[in-house]
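Source file my_file-v1.cif; content: mmCIF, C-alpha atoms.
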data_input
loop_
_atom_site.label_atom_id
_atom_site.label_comp_id
_atom_site.auth_asym_id
_atom_site.auth_seq_id
_atom_site.Cartn_x
_atom_site.Cartn_y
_atom_site.Cartn_z
CA MET A 16 -0.50 30.70 -17.45
CA THR A 17 -4.12 31.72 -17.21
CA ARG A 18 -6.68 29.28 -15.86
CA GLY A 19 -10.28 28.98 -14.80
CA THR A 20 -11.65 27.27 -11.73
CA ASP A 21 -13.97 24.63 -13.22
CA PRO A 22 -12.60 21.30 -11.90
CA VAL A 23 -13.61 19.24 -14.94
CA THR A 24 -12.04 21.70 -17.38
CA ILE A 25 -8.85 21.82 -15.31
CA ALA A 26 -8.63 18.03 -15.10
CA ALA A 27 -9.05 17.63 -18.84
CA ALA A 28 -6.36 20.25 -19.41
CA VAL A 29 -3.94 18.48 -17.06
CA VAL A 30 -4.22 15.24 -19.02
CA GLU A 31 -3.82 17.12 -22.31
CA MET A 32 -0.69 18.83 -20.97
CA ALA A 33 0.74 15.49 -19.81
CA GLN A 34 0.19 14.04 -23.28
CA GLY A 35 2.09 16.98 -24.70
CA GLY A 36 4.96 16.68 -22.23
CA ARG A 37 4.12 20.03 -20.61
CA PHE A 38 4.82 18.97 -17.04
CA ALA A 39 6.13 22.37 -15.99
CA ASP A 40 2.74 23.83 -16.94
CA ILE A 41 1.02 21.22 -14.77
CA GLU A 42 3.28 22.11 -11.86
CA GLU A 43 2.01 25.70 -12.09
CA LEU A 44 -1.43 24.36 -11.14
CA PHE A 45 -0.16 22.72 -7.93
CA ALA A 46 -1.26 24.20 -4.62
CA PRO A 47 1.74 24.89 -2.31
CA PRO A 48 1.43 21.64 -0.26
CA LEU A 49 1.47 19.53 -3.44
CA ARG A 50 4.29 21.54 -5.01
CA ALA A 51 6.36 20.92 -1.88
CA VAL A 52 6.39 17.17 -2.50
CA VAL A 53 5.96 16.75 -6.28
CA SER A 54 7.99 18.43 -9.00
CA ALA A 55 7.47 18.56 -12.76
CA GLU A 56 10.35 16.12 -13.11
CA THR A 57 8.85 13.66 -10.62
CA LEU A 58 5.50 13.79 -12.39
CA GLN A 59 7.15 13.27 -15.78
CA ALA A 60 9.03 10.22 -14.50
CA ALA A 61 5.84 8.68 -13.08
CA TRP A 62 3.86 9.40 -16.27
CA GLU A 63 6.52 7.93 -18.57
CA SER A 64 6.90 4.90 -16.32
CA GLN A 65 3.17 4.18 -16.61
CA LEU A 66 3.13 4.55 -20.39
CA SER A 67 6.24 2.42 -20.76
CA THR A 68 4.25 -0.63 -19.66
CA MET A 69 0.88 0.27 -21.18
CA GLY A 70 1.88 1.72 -24.52
CA ALA A 71 0.71 4.85 -26.30
CA ILE A 72 -2.54 6.57 -25.32
CA SER A 73 -5.40 5.68 -27.65
CA ALA A 74 -8.30 7.49 -25.97
CA VAL A 75 -9.13 9.88 -23.12
CA ALA A 76 -12.64 9.57 -21.67
CA THR A 77 -14.85 12.31 -20.27
CA PRO A 78 -13.77 13.37 -16.75
CA ILE A 79 -15.92 12.11 -13.87
CA SER A 80 -16.39 14.57 -11.00
CA GLU A 81 -17.73 14.04 -7.48
CA SER A 82 -17.47 15.67 -4.10
CA ALA A 83 -14.26 14.66 -2.41
CA PRO A 84 -14.43 12.67 0.84
CA GLU A 85 -14.68 14.74 4.02
CA SER A 86 -11.13 13.74 4.90
CA TRP A 87 -9.87 15.52 1.77
CA VAL A 88 -9.25 19.03 3.03
CA THR A 89 -6.74 21.66 2.06
CA ALA A 90 -3.67 22.33 4.18
CA SER A 91 -5.42 25.40 5.56
CA GLY A 92 -8.29 23.21 6.73
CA LYS A 93 -10.78 24.27 4.04
CA ALA A 94 -13.16 21.65 2.73
CA GLY A 95 -15.04 21.75 -0.56
CA LEU A 96 -12.58 19.92 -2.79
CA VAL A 97 -13.83 18.25 -5.95
CA LYS A 98 -12.48 14.86 -6.96
CA VAL A 99 -12.12 14.42 -10.72
CA SER A 100 -11.16 11.12 -12.38
CA VAL A 101 -10.05 11.02 -16.03
CA PRO A 102 -9.96 7.50 -17.55
CA VAL A 103 -7.12 7.06 -20.05
CA THR A 104 -7.01 4.10 -22.45
CA CYS A 105 -3.65 2.84 -23.72
CA GLU A 106 -2.57 0.15 -26.17
CA ARG A 107 -2.06 -2.45 -23.43
CA GLY A 108 -4.37 -1.36 -20.63
CA GLY A 109 -5.30 1.90 -19.02
CA LEU A 110 -5.00 4.20 -16.06
CA THR A 111 -7.02 6.86 -14.27
CA VAL A 112 -5.68 10.33 -13.55
CA VAL A 113 -7.28 11.28 -10.23
CA MET A 114 -7.16 14.92 -9.09
CA SER A 115 -8.53 16.90 -6.17
CA VAL A 116 -9.27 20.50 -7.20
CA ASP A 117 -9.92 23.30 -4.72
CA GLU A 118 -12.24 26.29 -5.04
CA THR A 119 -9.50 28.41 -6.62
CA GLY A 120 -8.76 25.89 -9.36
CA LEU A 121 -5.50 24.62 -7.84
CA LEU A 122 -4.60 20.94 -7.54
CA GLN A 123 -4.38 19.73 -3.95
CA GLY A 124 -3.77 16.15 -5.06
CA LEU A 125 -2.77 14.24 -8.21
CA GLN A 126 -2.53 10.48 -8.55
CA LEU A 127 -1.98 8.04 -11.41
CA ALA A 128 -4.31 5.20 -10.44
CA PRO A 129 -5.37 1.95 -12.13
CA GLU A 130 -8.12 2.14 -14.71
CA LEU A 131 -11.74 2.25 -13.57
CA THR A 132 -13.18 -1.24 -13.75
CA GLU A 133 -15.98 -3.39 -12.46
CA PRO A 134 -16.57 -3.59 -8.69
CA TRP A 135 -14.70 -6.05 -6.49
CA THR A 136 -16.36 -9.43 -6.00
CA PRO A 137 -15.57 -11.84 -3.13
CA PRO A 138 -13.13 -14.70 -3.72
CA ALA A 139 -14.52 -18.22 -3.86
CA TYR A 140 -12.89 -19.07 -0.54
CA ALA A 141 -14.67 -16.28 1.39
CA ARG A 142 -17.20 -17.71 3.86
CA ARG A 143 -19.24 -14.58 4.48
CA LYS A 144 -21.86 -16.26 6.67
CA ARG A 145 -19.22 -17.26 9.21
CA PHE A 146 -18.32 -13.78 10.47
CA ASP A 147 -19.76 -10.38 11.28
CA GLU A 148 -18.26 -7.08 10.20
CA HIS A 149 -18.66 -3.50 11.41
CA GLU A 150 -16.99 -0.12 11.08
CA VAL A 151 -14.64 1.20 13.76
CA THR A 152 -12.39 4.21 14.37
CA VAL A 153 -8.71 3.47 14.96
CA GLY A 154 -6.71 5.94 17.01
CA SER A 155 -7.87 9.23 18.48
CA GLY A 156 -7.61 12.92 17.79
CA PRO A 157 -7.51 14.64 14.40
CA LEU A 158 -5.55 11.80 12.73
CA ALA A 159 -7.90 8.97 13.74
CA VAL A 160 -8.75 6.75 10.77
CA PRO A 161 -11.75 4.59 9.80
CA GLY A 162 -11.43 0.83 9.76
CA THR A 163 -13.33 -2.44 9.54
CA LEU A 164 -13.43 -5.19 12.18
CA SER A 165 -14.33 -8.74 11.11
CA VAL A 166 -15.16 -11.15 13.93
CA PRO A 167 -15.98 -14.88 13.51
CA ARG A 168 -19.38 -16.02 14.63
CA GLY A 169 -19.60 -18.62 17.36
CA ASP A 170 -17.78 -19.13 20.61
CA GLY A 171 -14.47 -17.35 21.01
CA PRO A 172 -12.16 -16.10 22.15
CA TRP A 173 -10.53 -15.98 18.71
CA PRO A 174 -6.99 -15.24 17.67
CA ALA A 175 -6.80 -11.90 15.87
CA VAL A 176 -4.62 -10.02 13.42
CA VAL A 177 -4.04 -6.38 12.45
CA LEU A 178 -3.43 -5.89 8.71
CA LEU A 179 -0.97 -3.26 7.46
CA SER A 180 -0.99 -2.06 3.83
CA GLY A 181 2.09 -1.41 1.72
CA GLY A 182 3.80 1.87 0.89
CA GLY A 183 1.61 4.65 -0.45
CA PRO A 184 -1.78 6.12 0.52
CA PHE A 185 -3.70 2.84 0.56
CA ASP A 186 -7.17 2.32 1.95
CA ARG A 187 -7.96 -0.51 4.36
CA ASP A 188 -8.39 -3.00 1.49
CA ALA A 189 -5.15 -2.08 -0.34
CA THR A 190 -7.38 -1.34 -3.33
CA SER A 191 -5.60 -1.62 -6.68
CA GLY A 192 -7.95 -1.22 -9.65
CA PRO A 193 -10.67 -3.85 -9.31
CA ASN A 194 -8.67 -5.74 -6.69
CA LYS A 195 -8.73 -5.59 -2.90
CA PRO A 196 -6.06 -8.04 -1.70
CA LEU A 197 -6.33 -7.15 2.00
CA LYS A 198 -10.10 -7.53 1.87
CA ASP A 199 -9.55 -10.94 0.27
CA LEU A 200 -7.25 -11.83 3.15
CA ALA A 201 -9.54 -10.38 5.85
CA TRP A 202 -12.58 -12.25 4.60
CA GLY A 203 -10.60 -15.44 4.08
CA LEU A 204 -9.20 -15.36 7.62
CA ALA A 205 -12.44 -14.27 9.33
CA GLY A 206 -14.25 -17.23 7.76
CA ARG A 207 -11.57 -19.51 9.21
CA GLY A 208 -11.71 -18.43 12.83
CA VAL A 209 -9.49 -15.34 12.96
CA ALA A 210 -10.69 -11.85 13.94
CA VAL A 211 -9.27 -9.21 11.58
CA LEU A 212 -8.89 -5.44 11.90
CA ARG A 213 -7.91 -3.42 8.84
CA PHE A 214 -7.94 0.36 8.48
CA ASP A 215 -7.26 3.21 6.06
CA LYS A 216 -3.70 4.48 6.26
CA VAL A 217 -3.30 7.97 7.65
CA THR A 218 -1.79 8.97 4.29
CA HIS A 219 -5.12 8.02 2.69
CA ALA A 220 -7.52 9.41 5.28
CA HIS A 221 -5.56 12.60 6.03
CA ALA A 222 -3.47 13.17 2.92
CA ALA A 223 -3.34 16.97 3.14
CA GLU A 224 -2.28 17.09 6.78
CA VAL A 225 0.46 14.53 6.21
CA ALA A 226 1.74 16.28 3.09
CA ALA A 227 1.97 19.54 5.02
CA ASP A 228 4.10 17.99 7.79
CA PRO A 229 7.81 17.99 6.83
CA ALA A 230 8.66 15.96 9.95
CA PHE A 231 6.42 13.02 9.00
CA THR A 232 8.24 9.65 9.05
CA MET A 233 7.62 6.00 8.24
CA GLY A 234 7.22 5.36 11.95
CA GLU A 235 4.43 7.91 12.19
CA GLU A 236 2.86 6.51 9.04
CA TYR A 237 2.35 3.10 10.64
CA VAL A 238 3.18 2.64 14.31
CA PRO A 239 0.61 4.80 16.20
CA HIS A 240 -2.42 3.39 14.36
CA ALA A 241 -1.07 -0.17 14.39
CA VAL A 242 -0.58 -0.03 18.16
CA ALA A 243 -4.05 1.48 18.61
CA ALA A 244 -5.51 -1.35 16.50
CA ILE A 245 -3.68 -3.96 18.57
CA HIS A 246 -5.11 -2.51 21.78
CA MET A 247 -8.61 -2.36 20.28
CA LEU A 248 -8.47 -6.08 19.48
CA GLN A 249 -7.05 -6.97 22.89
CA ARG A 250 -10.00 -5.23 24.56
CA HIS A 251 -12.61 -7.00 22.41
CA PRO A 252 -14.58 -9.62 24.40
CA ASP A 253 -14.46 -12.17 21.57
CA VAL A 254 -10.69 -11.92 21.04
CA ASP A 255 -7.95 -13.80 22.88
CA ALA A 256 -5.79 -10.88 24.05
CA ALA A 257 -2.71 -13.11 24.20
CA ARG A 258 -3.02 -14.03 20.51
CA VAL A 259 -3.12 -10.73 18.66
CA TYR A 260 -0.76 -10.72 15.67
CA VAL A 261 0.37 -8.19 13.07
CA ALA A 262 0.40 -9.03 9.36
CA GLY A 263 1.98 -6.54 6.98
CA HIS A 264 2.26 -6.48 3.21
CA SER A 265 5.24 -4.92 1.41
CA MET A 266 6.26 -1.81 3.41
CA GLY A 267 3.65 -2.85 5.97
CA GLY A 268 5.69 -6.04 6.42
CA LYS A 269 8.93 -4.10 6.54
CA VAL A 270 7.63 -1.95 9.40
CA ALA A 271 5.85 -4.78 11.27
CA PRO A 272 8.92 -5.62 13.41
CA ARG A 273 9.06 -1.96 14.42
CA VAL A 274 5.42 -2.17 15.51
CA ALA A 275 6.16 -5.29 17.58
CA ALA A 276 9.15 -3.57 19.16
CA ALA A 277 6.89 -0.66 20.14
CA GLU A 278 4.15 -2.97 21.47
CA PRO A 279 5.71 -6.06 23.12
CA SER A 280 2.31 -7.73 23.66
CA VAL A 281 2.11 -8.64 19.94
CA ALA A 282 1.98 -12.44 19.71
CA GLY A 283 3.82 -12.76 16.41
CA LEU A 284 4.27 -11.43 12.88
CA VAL A 285 3.20 -12.38 9.36
CA LEU A 286 5.36 -10.70 6.71
CA LEU A 287 4.00 -10.79 3.16
CA ALA A 288 6.40 -9.67 0.41
CA ALA A 289 8.24 -7.60 3.02
CA ASP A 290 11.23 -5.77 1.61
CA THR A 291 14.68 -5.79 3.20
CA GLN A 292 16.61 -4.03 0.44
CA PRO A 293 16.78 -0.26 1.11
CA MET A 294 13.70 1.20 -0.56
CA HIS A 295 15.50 3.86 -2.60
CA ARG A 296 17.81 1.25 -4.11
CA ALA A 297 14.91 -1.10 -4.76
CA ALA A 298 13.13 1.73 -6.58
CA VAL A 299 16.08 2.04 -8.98
CA ARG A 300 16.03 -1.72 -9.58
CA VAL A 301 12.28 -1.76 -10.23
CA VAL A 302 12.32 1.20 -12.61
CA ARG A 303 15.22 -0.33 -14.54
CA HIS A 304 13.22 -3.53 -14.81
CA LEU A 305 10.22 -1.64 -16.19
CA ALA A 306 12.47 0.27 -18.59
CA SER A 307 13.78 -3.04 -19.89
CA LEU A 308 10.22 -3.79 -20.98
CA ASP A 309 9.98 -0.42 -22.72
CA PRO A 310 13.09 1.75 -23.34
CA GLY A 311 10.83 4.82 -23.37
CA ALA A 312 11.10 4.95 -19.58
CA ARG A 313 14.74 6.08 -19.68
CA ALA A 314 13.90 9.47 -18.15
CA ALA A 315 12.29 7.74 -15.19
CA VAL A 316 15.45 5.66 -14.62
CA GLU A 317 17.67 8.73 -14.72
CA ALA A 318 15.43 10.65 -12.31
CA ILE A 319 15.06 7.89 -9.72
CA THR A 320 18.78 7.04 -9.88
CA ARG A 321 19.71 10.65 -9.16
CA GLN A 322 17.18 10.88 -6.32
CA ALA A 323 18.30 7.58 -4.78
CA ALA A 324 21.92 8.70 -4.83
CA LEU A 325 20.93 11.72 -2.75
CA VAL A 326 19.31 9.43 -0.16
CA ASP A 327 22.64 7.57 0.18
CA SER A 328 24.62 10.80 0.28
CA PRO A 329 25.90 12.37 3.52
CA ARG A 330 24.29 15.56 2.16
CA LEU A 331 20.82 14.19 2.97
CA SER A 332 19.24 16.24 5.76
CA ALA A 333 15.85 17.20 7.12
CA GLU A 334 16.06 20.32 4.97
CA THR A 335 16.61 18.47 1.67
CA PRO A 336 13.67 19.41 -0.61
CA ALA A 337 11.20 16.57 -1.06
CA THR A 338 11.08 17.32 -4.78
CA GLU A 339 14.69 16.13 -5.03
CA LEU A 340 14.01 12.79 -3.30
CA PRO A 341 12.26 9.56 -4.39
CA PHE A 342 8.45 9.55 -4.32
CA GLY A 343 8.37 13.12 -2.99
CA TYR A 344 9.03 11.94 0.57
CA SER A 345 10.74 14.46 2.85
CA GLY A 346 14.34 14.39 3.98
CA THR A 347 13.13 13.52 7.48
CA TYR A 348 11.18 10.54 6.11
CA TRP A 349 14.22 9.21 4.28
CA LEU A 350 16.54 9.71 7.24
CA ASP A 351 14.19 7.64 9.39
CA LEU A 352 13.86 4.95 6.71
CA ARG A 353 17.60 4.88 5.99
CA ASP A 354 18.39 4.22 9.66
CA TYR A 355 15.86 1.38 10.01
CA ASP A 356 17.02 -2.23 9.64
CA PRO A 357 13.94 -4.50 9.52
CA VAL A 358 15.91 -7.75 9.74
CA ALA A 359 17.92 -6.68 12.77
CA THR A 360 14.77 -5.35 14.44
CA ALA A 361 12.97 -8.64 13.80
CA ALA A 362 15.94 -10.71 14.98
CA ALA A 363 15.84 -8.92 18.34
CA LEU A 364 12.22 -10.00 18.88
CA ASP A 365 11.40 -13.19 20.72
CA LYS A 366 8.30 -13.82 18.64
CA PRO A 367 7.23 -16.41 16.03
CA MET A 368 7.12 -15.20 12.43
CA LEU A 369 5.66 -16.40 9.16
CA ILE A 370 7.45 -14.94 6.13
CA LEU A 371 5.76 -15.32 2.73
CA GLN A 372 7.11 -14.38 -0.70
CA GLY A 373 5.82 -14.55 -4.27
CA GLY A 374 8.21 -16.11 -6.75
CA ARG A 375 7.06 -13.83 -9.61
CA ASP A 376 7.30 -10.63 -7.57
CA TYR A 377 9.51 -8.05 -9.34
CA GLN A 378 9.04 -5.37 -6.65
CA VAL A 379 10.09 -7.38 -3.61
CA THR A 380 12.11 -10.34 -4.80
CA VAL A 381 13.44 -13.67 -3.59
CA ALA A 382 17.01 -12.69 -4.51
CA ASP A 383 17.03 -9.09 -3.25
CA ASP A 384 14.72 -9.18 -0.23
CA LEU A 385 13.83 -12.68 0.96
CA ALA A 386 17.55 -13.41 1.05
CA GLY A 387 17.82 -10.84 3.85
CA TRP A 388 15.13 -12.53 5.94
CA ARG A 389 16.71 -15.94 5.37
CA ALA A 390 20.16 -14.71 6.38
CA GLY A 391 18.92 -13.05 9.56
CA LEU A 392 16.13 -15.38 10.67
CA GLY A 393 16.29 -18.60 8.66
CA HIS A 394 18.09 -20.47 11.44
CA ARG A 395 15.31 -19.92 13.98
CA ALA A 396 12.87 -22.73 14.73
CA ASP A 397 10.05 -20.25 15.36
CA VAL A 398 10.38 -18.65 11.91
CA THR A 399 8.62 -20.22 8.92
CA ILE A 400 9.51 -19.09 5.38
CA ARG A 401 7.47 -20.02 2.31
CA VAL A 402 7.72 -19.10 -1.36
CA TYR A 403 4.75 -19.30 -3.72
CA ASP A 404 6.39 -19.69 -7.10
CA ALA A 405 3.36 -18.64 -9.19
CA ASP A 406 2.47 -15.52 -7.17
CA ASP A 407 3.25 -11.86 -7.86
CA HIS A 408 3.67 -8.97 -5.41
CA LEU A 409 -0.03 -9.01 -4.43
CA PHE A 410 0.06 -12.81 -4.19
CA PHE A 411 -2.05 -13.14 -7.31
CA PRO A 412 -1.17 -16.46 -9.00
CA GLY A 413 -0.22 -16.43 -12.67
CA SER A 414 2.47 -17.33 -15.17
CA GLY A 415 5.18 -15.51 -17.07
CA PRO A 416 6.83 -12.22 -16.10
CA SER A 417 4.75 -10.00 -13.82
CA THR A 418 4.00 -6.42 -14.93
CA PRO A 419 2.07 -3.47 -13.41
CA ALA A 420 -0.70 -4.02 -15.96
CA ASP A 421 -1.50 -7.33 -14.22
CA TYR A 422 -2.81 -5.43 -11.19
CA GLY A 423 -5.56 -3.92 -13.34
CA LYS A 424 -7.13 -7.32 -14.02
CA PRO A 425 -9.69 -8.69 -11.55
CA GLN A 426 -7.90 -11.25 -9.38
CA HIS A 427 -7.81 -12.58 -5.84
CA MET A 428 -5.12 -13.41 -3.32
CA ASP A 429 -3.90 -16.97 -3.67
CA ALA A 430 -6.16 -19.31 -1.66
CA ALA A 431 -3.11 -21.28 -0.54
CA VAL A 432 -1.63 -18.14 1.03
CA VAL A 433 -4.84 -17.40 2.94
CA THR A 434 -5.10 -20.99 4.16
CA ASP A 435 -1.46 -21.11 5.25
CA ILE A 436 -1.82 -17.89 7.23
CA ALA A 437 -5.04 -19.12 8.86
CA ASP A 438 -3.41 -22.42 9.82
CA TRP A 439 -0.39 -20.60 11.29
CA LEU A 440 -2.51 -18.11 13.25
CA ALA A 441 -5.12 -20.59 14.47
CA PRO A 442 -3.92 -24.17 14.06
CA ARG A 443 -6.51 -25.58 16.46
CA GLN A 444 -9.48 -23.94 14.71
CA SER A 445 -8.10 -24.78 11.28
CA ALA A 446 -7.70 -28.45 12.15
CA ILE A 447 -11.27 -28.60 13.51
CA ALA A 448 -12.59 -26.83 10.40
CA ARG A 449 -10.87 -29.35 8.12
CA LEU A 450 -12.23 -32.26 10.16
CA ALA A 451 -15.78 -30.82 10.02
CA SER A 452 -15.42 -30.30 6.28
CA SER A 453 -14.45 -33.95 5.79
CA PHE A 454 -17.66 -35.09 7.53
CA LYS A 455 -19.76 -32.93 5.18
CA ARG A 456 -18.41 -34.62 2.06
#
File written out as structure tokens:
Amino acid sequence: MTRGTDPVTIAAAVVEMAQGGRFADIEELFAPPLRAVVSAETLQAAWESQLSTMGAISAVATPISESAPESWVTASGKAGLVKVSVPVTCERGGLTVVMSVDETGLLQGLQLAPELTEPWTPPAYARRKRFDEHEVTVGSGPLAVPGTLSVPRGDGPWPAVVLLSGGGPFDRDATSGPNKPLKDLAWGLAGRGVAVLRFDKVTHAHAAEVAADPAFTMGEEYVPHAVAAIHMLQRHPDVDAARVYVAGHSMGGKVAPRVAAAEPSVAGLVLLAADTQPMHRAAVRVVRHLASLDPGARAAVEAITRQAALVDSPRLSAETPATELPFGYSGTYWLDLRDYDPVATAAALDKPMLILQGGRDYQVTVADDLAGWRAGLGHRADVTIRVYDADDHLFFPGSGPSTPADYGKPQHMDAAVVTDIADWLAPRQSAIARLASSFKR
């Protein structure tokens, strides 16, 4: 197909082609690194899965272009990408098609993101005047990532925690539409006497480099930067080096025991909606659940089921094309993930753990995932398990069945979750804070 190089024109054409089901034509616009991990079939499954929950498209807004962040470079190291966002309105919500277009008119990146909404606002429980915050760099070398350190004001040393985002190229706040659940948690904890370090995932800060590395694994996605963050906190003069914890959400919780195994000085773990069911099988379950809400997602179920079967197959190898596997992850990535048992890894650790689960979570569930933690760790006195019946996967409280559209509404992490984590991490400071609060009434 013929094409121009104007990023806005290309972005508008991509959305038009998706509406018309012309996913093979979109694939022709992929630069080689993107084509290596995303196929027309994968894109079609993701598109149909989104529309199955949001309904038919009712409007497509004018594309919004801007210079891409400096970290967005092509696989050959060339900068100069243009980020284009195309807001799409559906019957029951909306989404944003986000593309990075290079100087030749090829797509270096394509993401189906939540709809553009109003800016994040702090939760009512955030006590901003009680802590200071500044930017830091986590790790070293070409894959170092930016982060934010929040330190309580007053006399330390304070307990501290490293936050790990879930699966996917999340920023330090785990931004989802107008929501920033990890920023909610960081601000909530920092105001309650806990130092917090959060950082952009390497898959967010260095997407092109990671996509071009066929040997990239889940361990490399998390462990090096998590360990670097732990060491940074331990060296901080206002932090108690003996009380540095790791708190991970979703896949970040799944990998947290692996981080603690790599860095024995970790004081303990907080696992929020951490999955124990193999991820490829969970993906089939989740897509089937979404298809039950809208039968139009049948193609997505068929695609993910076929891809998941390949992960379980003895035919899986490092050479298996990423386009044939779930989420476009490489064969090496899936081999590493398939061999990792988070419950067994956690059980081998002599460390206290706080395991939290939302009762309305359809992605990581009480029946499919928390059951694994209970079976492997529930007998231990140093392991605390709590379920928040009204909370979804992001620990947003609500009622009724949870759906992806809920994440597009402005919400905040459950205050009870933040308080419980603060009390577990810093029981002495929390008790003093409650006593001081009672005198102010």
In Å, with one decimal, what is the gap from atom CA of A:Leu204 to atom CA of A:Gly374?
22.6 Å
Within 10 Å of A:His246, counting all atoms listed in the file, which residues qualify if same-chain residues fewer than 2 places away don't, as an MDAnalysis selection string?
chainID A and resid 153:154 240:244 248:251 256 259 278 280:281
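The neighbours of A:Ala298 here are the residues that come within 9 Å of it, using all atoms listed in the file and leaving out any residue fewer than 4 positions away in the same chain; they are Pro293, Met294, Val302, Arg303, Ile319, Thr320, Ala323, Pro341 and Gln378 of chain A.
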Just the residues within 7 Å of stretch 267-270 of chain A, please, counting all atoms listed in the file, with nothing from its chain fewer than 6 positions along; format it as a PyMOL selection string.
chain A and resi 179-182+286-287+289-291+357
In the coordinate frame of the file, compute which residues have an atom within 12 Å of (-16.2, 9.1, -23.0) when using all atoms listed in the file, and state them as a count of residues only.
12
Nearest residue to A:Asp253 from the set A:Ser165, A:Arg296, A:Leu340, A:Ala277 (distances using only C-alpha atoms)
A:Ser165
So which residues get picked by the PyMOL selection byres ((chain A and resi 318) around 12) here, written as an MDAnalysis selection string?
chainID A and resid 54:61 63:64 295 298:299 302:303 312:317 319:325 338:343
Write out as JSON, numbers by chain the residues lying within 8 Å of A:Ile41, counting all atoms listed in the file and excluding same-chain residues fewer than 5 positions away.
{"A": [29, 32, 33, 55]}
Can you write just those residues out, C-alpha atoms, as a PDB file, in the coordinates of the input?
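Okay, part-v3.pdb is ready:
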ATOM      1  CA  VAL A  29      -3.940  18.480 -17.060  1.00  0.00           C
ATOM      2  CA  MET A  32      -0.690  18.830 -20.970  1.00  0.00           C
ATOM      3  CA  ALA A  33       0.740  15.490 -19.810  1.00  0.00           C
ATOM      4  CA  ALA A  55       7.470  18.560 -12.760  1.00  0.00           C
TER       5      ALA A  55
END
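Remark: for A:Ala271, the closest of the candidate residues A:Tyr348, A:Pro329, A:Glu235, A:Ala361 is A:Ala361 (distances computed over all atoms listed in the file).
Proximity to A:Gly206 was assessed for A:Ala139, A:Leu284, A:Val274, A:Leu352 counting only C-alpha atoms; the smallest distance is recorded for A:Ala139.
Taken over the whole file, the PyMOL selection byres ((chain A and resi 258) around 7) covers exactly Pro174, Ala175, Asp255, Ala256, Ala257, Val259, Tyr260 and Ala282 of chain A.
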Computed interatomic separation between atom CA of A:Pro129 and atom CA of A:Gly192 (Å):
4.8 Å
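In this comparison, which uses only C-alpha atoms, the residue of A:His427, A:Arg213, A:His219, A:His394 approaching A:Thr152 most closely is A:Arg213.
The spacing separating atom CA of A:Pro161 from atom CA of A:Leu212 amounts to 10.6 Å.
If you measure from each of A:Ala128, A:Val326, A:Val381, A:Ile400 to A:Asp354 using only C-alpha atoms, the closest one turns out to be A:Val326.
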Identify which of the residues A:Ala276, A:Ala420, A:Leu127, A:Val166 lies closest to A:Gly208, counting only C-alpha atoms when measuring atom-to-atom distances.
A:Val166
Here's a test: counting only C-alpha atoms, identify every protein, DNA and RNA residue with an atom at most 10 Å from (15.4, -13.5, 10.1) in the file's coordinate frame, and state them as an MDAnalysis selection string.
chainID A and resid 357:364 368 370 385:395 398:400
Taking the file above as input, evaluate the PyMOL selection byres ((chain A and resi 24) around 12) and report the hits as a count of residues only.
24
Box for stretch 415-423 of chain A: with edges along x, y and z, all listed atoms inside and 4 Å added on each side, what are the centre and edge lengths in Å to one decimal, as JSON?
{"center_x": 0.6, "center_y": -9.5, "center_z": -14.1, "size_x": 20.4, "size_y": 20.0, "size_z": 13.9}
So that I can look at just that part, could you write stretch 104-113 of chain A with N, CA and C atoms, as an mmCIF file, in the first residue's frame?
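The resulting file, out36.cif, is reproduced below:
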data_model
loop_
_atom_site.group_PDB
_atom_site.id
_atom_site.type_symbol
_atom_site.label_atom_id
_atom_site.label_comp_id
_atom_site.auth_asym_id
_atom_site.auth_seq_id
_atom_site.Cartn_x
_atom_site.Cartn_y
_atom_site.Cartn_z
ATOM 1 N N THR A 104 -14.596 7.620 20.795
ATOM 2 C CA THR A 104 -15.755 7.543 21.677
ATOM 3 C C THR A 104 -16.626 6.360 21.285
ATOM 4 N N CYS A 105 -17.024 5.575 22.284
ATOM 5 C CA CYS A 105 -17.875 4.404 22.060
ATOM 6 C C CYS A 105 -19.194 4.577 22.813
ATOM 7 N N GLU A 106 -20.085 3.618 22.650
ATOM 8 C CA GLU A 106 -21.392 3.706 23.285
ATOM 9 C C GLU A 106 -21.293 3.739 24.803
ATOM 10 N N ARG A 107 -20.337 2.979 25.356
ATOM 11 C CA ARG A 107 -20.236 2.872 26.818
ATOM 12 C C ARG A 107 -18.842 3.254 27.310
ATOM 13 N N GLY A 108 -18.307 4.323 26.796
ATOM 14 C CA GLY A 108 -16.988 4.771 27.233
ATOM 15 C C GLY A 108 -16.140 5.179 26.051
ATOM 16 N N GLY A 109 -14.854 5.026 26.185
ATOM 17 C CA GLY A 109 -13.959 5.427 25.108
ATOM 18 C C GLY A 109 -12.561 4.907 25.327
ATOM 19 N N LEU A 110 -11.732 5.088 24.320
ATOM 20 C CA LEU A 110 -10.336 4.703 24.403
ATOM 21 C C LEU A 110 -9.509 5.676 23.583
ATOM 22 N N THR A 111 -8.207 5.590 23.715
ATOM 23 C CA THR A 111 -7.292 6.426 22.947
ATOM 24 C C THR A 111 -6.306 5.523 22.221
ATOM 25 N N VAL A 112 -6.218 5.678 20.906
ATOM 26 C CA VAL A 112 -5.236 4.940 20.126
ATOM 27 C C VAL A 112 -3.969 5.792 20.092
ATOM 28 N N VAL A 113 -2.919 5.306 20.741
ATOM 29 C CA VAL A 113 -1.674 6.068 20.868
ATOM 30 C C VAL A 113 -0.610 5.437 19.969
#
